[in-house]
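J.: Have a look at this one before I ask anything.
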Amino acid sequence: MQLAHIASVVLLGGALAAFSAGCASKGGAKGSASAPASSASAKPSSPDRPTVSDAEVERLVRAHASYAAGLVAQDNNTDDQGLEYFAKSVAADPGNEQLALEVARRYLERKQGEKAVIVLKRTVAQPGSTGASKSFLALTYYQLGRKDEAIAAYREALKVLPASLTSSQALAQLLADQKQPEEALKVLREAGKQPVDNAAYWVDLALSFGRLGAREPKLRDKIKPDVLAALDKAAALKPDEPVLLQKMGESYETLGEVAKAETIYKELRERFPKSALTAAMLADLYLKQGRPKEARDRKSVV
């Protein structure tokens, strides 16, 4: 796979994962935005709750009114007008992160990235904004060719969500593109310190280390222990997904960890005795190790 394509997949993957984590879609194909929060105006004041100012009430009223107008426009199949109203709503209530993400997404679909940046910058400046909006802002900067700003935004996103592997992968790829391979390695190693109980996370991280090593030959030997550590963490979680196990076996074999690769291939062979692919993988391993008799035994598919 070409590096440019890998970058696109990683960056897009990073944005999609962060968008899913920060905003749950509702409705049909068009999607639907989230209504502005109204708790401040709905609850009466009390000794324990500060009184809501008239300006705050007016702001929330504007946000709700614009949101409602957007829904009406969307139902009338006037999407551009609906987007305009939703944008007004989130401008009045930039803390509504779900709506901000939806508006930014629609702007990106319309190739209006600068408008998406304006929406997202207001939202990430709000107290309590999540890594989802910061990561989406980073992707937007990247699509606009503003790579330094994208790098900064991904760093901010990882401060909030340090276990977001897609953000780590995207940031590492950007740093490598900017001729900063050592910085890219630091980002991946930080991802390797996260307490994640998900085998897929560790396998994907191992592959990311491997891609960086393939791209930067000077780092190849330095990265090998990182790849092995990530694979061992995945193995310790005892995954049972065939595709994941296949990736683990191939990665172990690439590292020269023949015994570990053989164990995984045997497990796959036992679980899927009629699979020509698993039989071939094990046979090829034996042939490479000068074990032709075992290779012949494994080539036949039951």
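By convention in this document, the chains of the structure tokens carry letters A, B, ... by their order, each chain's residues are numbered from 1, and ligands are numbered from 1 in the order they are shown.
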Give me the residues near region 134-136 of chain A as a PyMOL selection string, where near means some atom within 7 Å (using only C-alpha atoms) and where sequence neighbours in that chain fewer than 2 positions away do not count.
T.: chain A and resi 15+18-19+124+130-132+138-140+153-154+156-157+167
J.: Which polymer residues have any atom within 10 Å of an atom of Asp197 (chain A), counting only C-alpha atoms, with same-chain residues fewer than 4 positions away left out, as a PyMOL selection string?
T.: chain A and resi 201-202+233-234+236-237
J.: Write out as number ranges by chain which residues come within 10 Å of region 251-268 of chain A when counting only C-alpha atoms, dropping same-chain ones fewer than 3 positions away.
T.: A: 203, 206-207, 210, 224-225, 227-228, 231-232, 235, 240-243, 245-248, 271-273, 275, 277-283, 285-286, 288-289, 298
J.: Keeping N, CA and C atoms for every residue in the selection just given, could you write it to a file as a CSV table (one decimal), in the first residue's frame?
T.:
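Generated output (part.csv):
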```csv
chain,number,residue,atom,x,y,z
A,203,VAL,N,-2.6,-4.8,18.1
A,203,VAL,CA,-2.2,-5.2,16.8
A,203,VAL,C,-2.0,-4.0,15.9
A,206,ALA,N,1.1,-2.2,16.7
A,206,ALA,CA,2.3,-2.9,16.1
A,206,ALA,C,2.4,-2.6,14.7
A,207,LEU,N,1.4,-2.7,13.9
A,207,LEU,CA,1.4,-2.4,12.5
A,207,LEU,C,1.9,-1.0,12.2
A,210,GLY,N,5.5,-0.8,12.6
A,210,GLY,CA,6.1,-1.4,11.5
A,210,GLY,C,6.1,-0.6,10.2
A,224,LYS,N,11.8,-2.4,16.5
A,224,LYS,CA,11.5,-3.8,16.7
A,224,LYS,C,11.0,-4.2,18.1
A,225,PRO,N,11.6,-3.7,19.2
A,225,PRO,CA,11.1,-4.1,20.5
A,225,PRO,C,9.7,-3.5,20.8
A,227,VAL,N,7.4,-3.1,18.4
A,227,VAL,CA,6.4,-4.0,17.7
A,227,VAL,C,6.2,-5.3,18.5
A,228,LEU,N,7.2,-5.9,19.0
A,228,LEU,CA,7.1,-7.1,19.7
A,228,LEU,C,6.3,-6.9,21.0
A,231,LEU,N,2.6,-6.7,20.2
A,231,LEU,CA,2.1,-8.0,19.8
A,231,LEU,C,1.9,-8.9,21.0
A,232,ASP,N,2.9,-8.8,21.9
A,232,ASP,CA,2.8,-9.6,23.1
A,232,ASP,C,1.6,-9.2,24.0
A,235,ALA,N,-1.4,-10.7,22.4
A,235,ALA,CA,-1.5,-12.1,22.6
A,235,ALA,C,-1.9,-12.4,24.0
A,240,ASP,N,-9.7,-14.0,19.6
A,240,ASP,CA,-10.1,-15.2,18.8
A,240,ASP,C,-10.6,-14.8,17.4
A,241,GLU,N,-10.5,-13.5,17.1
A,241,GLU,CA,-10.9,-13.1,15.7
A,241,GLU,C,-9.8,-13.6,14.7
A,242,PRO,N,-10.3,-14.3,13.7
A,242,PRO,CA,-9.3,-14.9,12.7
A,242,PRO,C,-8.4,-13.9,12.0
A,243,VAL,N,-9.0,-12.8,11.6
A,243,VAL,CA,-8.2,-11.8,10.9
A,243,VAL,C,-7.2,-11.2,11.8
A,245,LEU,N,-5.8,-12.7,14.4
A,245,LEU,CA,-4.8,-13.7,14.6
A,245,LEU,C,-3.8,-13.8,13.4
A,246,GLN,N,-4.4,-13.7,12.3
A,246,GLN,CA,-3.6,-13.8,11.1
A,246,GLN,C,-2.6,-12.6,11.0
A,247,LYS,N,-3.0,-11.4,11.3
A,247,LYS,CA,-2.1,-10.3,11.4
A,247,LYS,C,-1.0,-10.5,12.4
A,248,MET,N,-1.4,-11.0,13.6
A,248,MET,CA,-0.4,-11.3,14.6
A,248,MET,C,0.6,-12.3,14.2
A,271,ARG,N,-8.7,-24.5,14.2
A,271,ARG,CA,-10.0,-23.9,14.2
A,271,ARG,C,-10.7,-23.9,12.9
A,272,PHE,N,-9.9,-23.8,11.8
A,272,PHE,CA,-10.4,-23.7,10.5
A,272,PHE,C,-9.7,-24.8,9.6
A,273,PRO,N,-9.9,-26.0,9.8
A,273,PRO,CA,-9.2,-27.1,9.2
A,273,PRO,C,-9.4,-27.1,7.6
A,275,SER,N,-9.6,-24.4,5.7
A,275,SER,CA,-9.1,-23.2,5.1
A,275,SER,C,-7.8,-23.4,4.4
A,277,LEU,N,-6.0,-21.1,3.1
A,277,LEU,CA,-5.1,-20.0,3.5
A,277,LEU,C,-4.3,-20.3,4.7
A,278,THR,N,-5.0,-20.8,5.8
A,278,THR,CA,-4.3,-21.1,7.0
A,278,THR,C,-3.3,-22.3,6.8
A,279,ALA,N,-3.7,-23.2,6.0
A,279,ALA,CA,-2.8,-24.3,5.7
A,279,ALA,C,-1.5,-23.8,4.9
A,280,ALA,N,-1.7,-22.9,4.0
A,280,ALA,CA,-0.6,-22.4,3.2
A,280,ALA,C,0.3,-21.5,4.1
A,281,MET,N,-0.3,-20.8,5.0
A,281,MET,CA,0.6,-19.9,5.9
A,281,MET,C,1.5,-20.8,6.7
A,282,LEU,N,0.9,-21.9,7.3
A,282,LEU,CA,1.7,-22.8,8.1
A,282,LEU,C,2.8,-23.5,7.3
A,283,ALA,N,2.4,-24.0,6.1
A,283,ALA,CA,3.3,-24.7,5.2
A,283,ALA,C,4.5,-23.8,4.8
A,285,LEU,N,5.6,-21.2,6.4
A,285,LEU,CA,6.5,-21.0,7.5
A,285,LEU,C,7.5,-22.2,7.7
A,286,TYR,N,7.0,-23.4,7.5
A,286,TYR,CA,7.8,-24.6,7.7
A,286,TYR,C,8.9,-24.6,6.6
A,288,LYS,N,10.2,-22.1,4.9
A,288,LYS,CA,11.2,-21.1,5.2
A,288,LYS,C,12.2,-21.5,6.3
A,289,GLN,N,11.7,-22.4,7.2
A,289,GLN,CA,12.5,-22.9,8.3
A,289,GLN,C,13.3,-24.2,7.9
A,298,ARG,N,1.2,-30.3,6.0
A,298,ARG,CA,0.2,-29.2,6.3
A,298,ARG,C,-0.4,-28.6,5.0
```
J.: Rounded to one decimal, what separation in Å do you get between CA of Thr123 (chain A) and CA of Glu97 (chain A)?
T.: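 Separation of CA of Thr123 (chain A) and CA of Glu97 (chain A): 6.3 Å.
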J.: Select, from A:Ser168, A:Glu114, A:Leu83, A:Ala63, the residue with the minimum atom-to-atom distance to Asn96 (chain A), counting only C-alpha atoms.
T.: A:Ala63
J.: Based on DSSP run over this structure's backbone, return all residues of region 99-221 of chain A in helix (DSSP H, G or I), as a VMD selection string.
T.: chain A and resid 99 to 109 113 to 124 131 to 143 147 to 160 165 to 177 181 to 191 199 to 215 217 to 221
J.: Any chance you can output those residues with C-alpha atoms as an mmCIF file, in the first residue's frame?
T.:
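New file selection14.cif:
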```cif
data_model
loop_
_atom_site.group_PDB
_atom_site.id
_atom_site.type_symbol
_atom_site.label_atom_id
_atom_site.label_comp_id
_atom_site.auth_asym_id
_atom_site.auth_seq_id
_atom_site.Cartn_x
_atom_site.Cartn_y
_atom_site.Cartn_z
ATOM 1 C CA LEU A 99 -24.400 19.875 16.866
ATOM 2 C CA ALA A 100 -21.040 21.529 16.160
ATOM 3 C CA LEU A 101 -19.621 18.255 14.853
ATOM 4 C CA GLU A 102 -22.635 17.715 12.629
ATOM 5 C CA VAL A 103 -22.461 21.240 11.217
ATOM 6 C CA ALA A 104 -18.716 20.929 10.621
ATOM 7 C CA ARG A 105 -19.212 17.582 8.892
ATOM 8 C CA ARG A 106 -21.775 19.075 6.544
ATOM 9 C CA TYR A 107 -19.511 22.007 5.749
ATOM 10 C CA LEU A 108 -16.717 19.587 4.878
ATOM 11 C CA GLU A 109 -19.069 17.685 2.586
ATOM 12 C CA GLY A 113 -13.564 23.729 5.284
ATOM 13 C CA GLU A 114 -12.908 27.259 6.519
ATOM 14 C CA LYS A 115 -16.473 27.487 7.829
ATOM 15 C CA ALA A 116 -15.980 24.129 9.550
ATOM 16 C CA VAL A 117 -12.849 25.513 11.235
ATOM 17 C CA ILE A 118 -14.775 28.511 12.586
ATOM 18 C CA VAL A 119 -17.454 26.256 14.086
ATOM 19 C CA LEU A 120 -14.981 23.808 15.613
ATOM 20 C CA LYS A 121 -12.636 26.445 17.020
ATOM 21 C CA ARG A 122 -15.525 27.963 18.973
ATOM 22 C CA THR A 123 -16.460 24.545 20.326
ATOM 23 C CA VAL A 124 -12.981 23.373 21.344
ATOM 24 C CA GLY A 131 -11.183 14.940 22.035
ATOM 25 C CA ALA A 132 -13.806 14.336 19.342
ATOM 26 C CA SER A 133 -14.076 17.992 18.354
ATOM 27 C CA LYS A 134 -10.325 18.525 18.656
ATOM 28 C CA SER A 135 -9.612 15.528 16.449
ATOM 29 C CA PHE A 136 -12.187 16.654 13.892
ATOM 30 C CA LEU A 137 -10.605 20.107 13.880
ATOM 31 C CA ALA A 138 -7.241 18.450 13.225
ATOM 32 C CA LEU A 139 -8.649 16.546 10.250
ATOM 33 C CA THR A 140 -10.185 19.736 8.893
ATOM 34 C CA TYR A 141 -6.854 21.534 9.116
ATOM 35 C CA TYR A 142 -5.207 18.606 7.340
ATOM 36 C CA GLN A 143 -7.715 18.686 4.505
ATOM 37 C CA LYS A 147 -0.485 20.662 8.576
ATOM 38 C CA ASP A 148 1.219 22.494 11.435
ATOM 39 C CA GLU A 149 -2.178 23.420 12.847
ATOM 40 C CA ALA A 150 -3.371 19.850 12.327
ATOM 41 C CA ILE A 151 -0.417 18.558 14.342
ATOM 42 C CA ALA A 152 -1.161 20.987 17.173
ATOM 43 C CA ALA A 153 -4.845 20.034 17.177
ATOM 44 C CA TYR A 154 -4.075 16.310 17.309
ATOM 45 C CA ARG A 155 -1.756 16.917 20.257
ATOM 46 C CA GLU A 156 -4.579 18.708 22.053
ATOM 47 C CA ALA A 157 -6.985 15.872 21.243
ATOM 48 C CA LEU A 158 -4.584 13.318 22.721
ATOM 49 C CA LYS A 159 -4.347 15.303 25.953
ATOM 50 C CA VAL A 160 -8.065 14.611 26.396
ATOM 51 C CA LEU A 165 -5.132 5.190 18.648
ATOM 52 C CA THR A 166 -6.551 6.716 15.490
ATOM 53 C CA SER A 167 -5.483 10.186 16.655
ATOM 54 C CA SER A 168 -2.036 8.828 17.577
ATOM 55 C CA GLN A 169 -1.695 7.170 14.165
ATOM 56 C CA ALA A 170 -2.783 10.316 12.355
ATOM 57 C CA LEU A 171 -0.406 12.503 14.341
ATOM 58 C CA ALA A 172 2.503 10.102 13.811
ATOM 59 C CA GLN A 173 1.813 10.033 10.083
ATOM 60 C CA LEU A 174 1.722 13.828 9.908
ATOM 61 C CA LEU A 175 4.971 14.135 11.836
ATOM 62 C CA ALA A 176 6.644 11.619 9.546
ATOM 63 C CA ASP A 177 5.393 13.604 6.551
ATOM 64 C CA PRO A 181 10.317 10.613 12.392
ATOM 65 C CA GLU A 182 11.680 10.665 15.957
ATOM 66 C CA GLU A 183 8.682 12.729 17.056
ATOM 67 C CA ALA A 184 6.411 10.269 15.259
ATOM 68 C CA LEU A 185 8.023 7.435 17.199
ATOM 69 C CA LYS A 186 7.453 9.278 20.488
ATOM 70 C CA VAL A 187 3.746 9.585 19.686
ATOM 71 C CA LEU A 188 3.405 5.860 18.988
ATOM 72 C CA ARG A 189 5.344 5.003 22.126
ATOM 73 C CA GLU A 190 2.954 7.145 24.181
ATOM 74 C CA ALA A 191 0.119 5.112 22.662
ATOM 75 C CA ALA A 199 -6.217 -6.804 21.344
ATOM 76 C CA ALA A 200 -7.094 -4.956 18.137
ATOM 77 C CA TYR A 201 -5.600 -1.776 19.598
ATOM 78 C CA TRP A 202 -2.257 -3.482 20.194
ATOM 79 C CA VAL A 203 -2.157 -5.225 16.824
ATOM 80 C CA ASP A 204 -2.935 -1.959 15.028
ATOM 81 C CA LEU A 205 -0.262 -0.205 17.066
ATOM 82 C CA ALA A 206 2.261 -2.909 16.149
ATOM 83 C CA LEU A 207 1.429 -2.406 12.481
ATOM 84 C CA SER A 208 1.831 1.371 12.881
ATOM 85 C CA PHE A 209 5.289 0.878 14.363
ATOM 86 C CA GLY A 210 6.070 -1.449 11.474
ATOM 87 C CA ARG A 211 4.984 1.077 8.861
ATOM 88 C CA LEU A 212 7.124 3.768 10.456
ATOM 89 C CA GLY A 213 10.100 1.407 10.469
ATOM 90 C CA ALA A 214 9.551 0.523 6.814
ATOM 91 C CA ARG A 215 9.412 4.197 5.928
ATOM 92 C CA PRO A 217 15.127 2.553 7.757
ATOM 93 C CA LYS A 218 17.248 4.298 10.417
ATOM 94 C CA LEU A 219 14.512 3.571 12.959
ATOM 95 C CA ARG A 220 13.859 -0.027 11.922
ATOM 96 C CA ASP A 221 16.032 -1.761 14.516
#
```
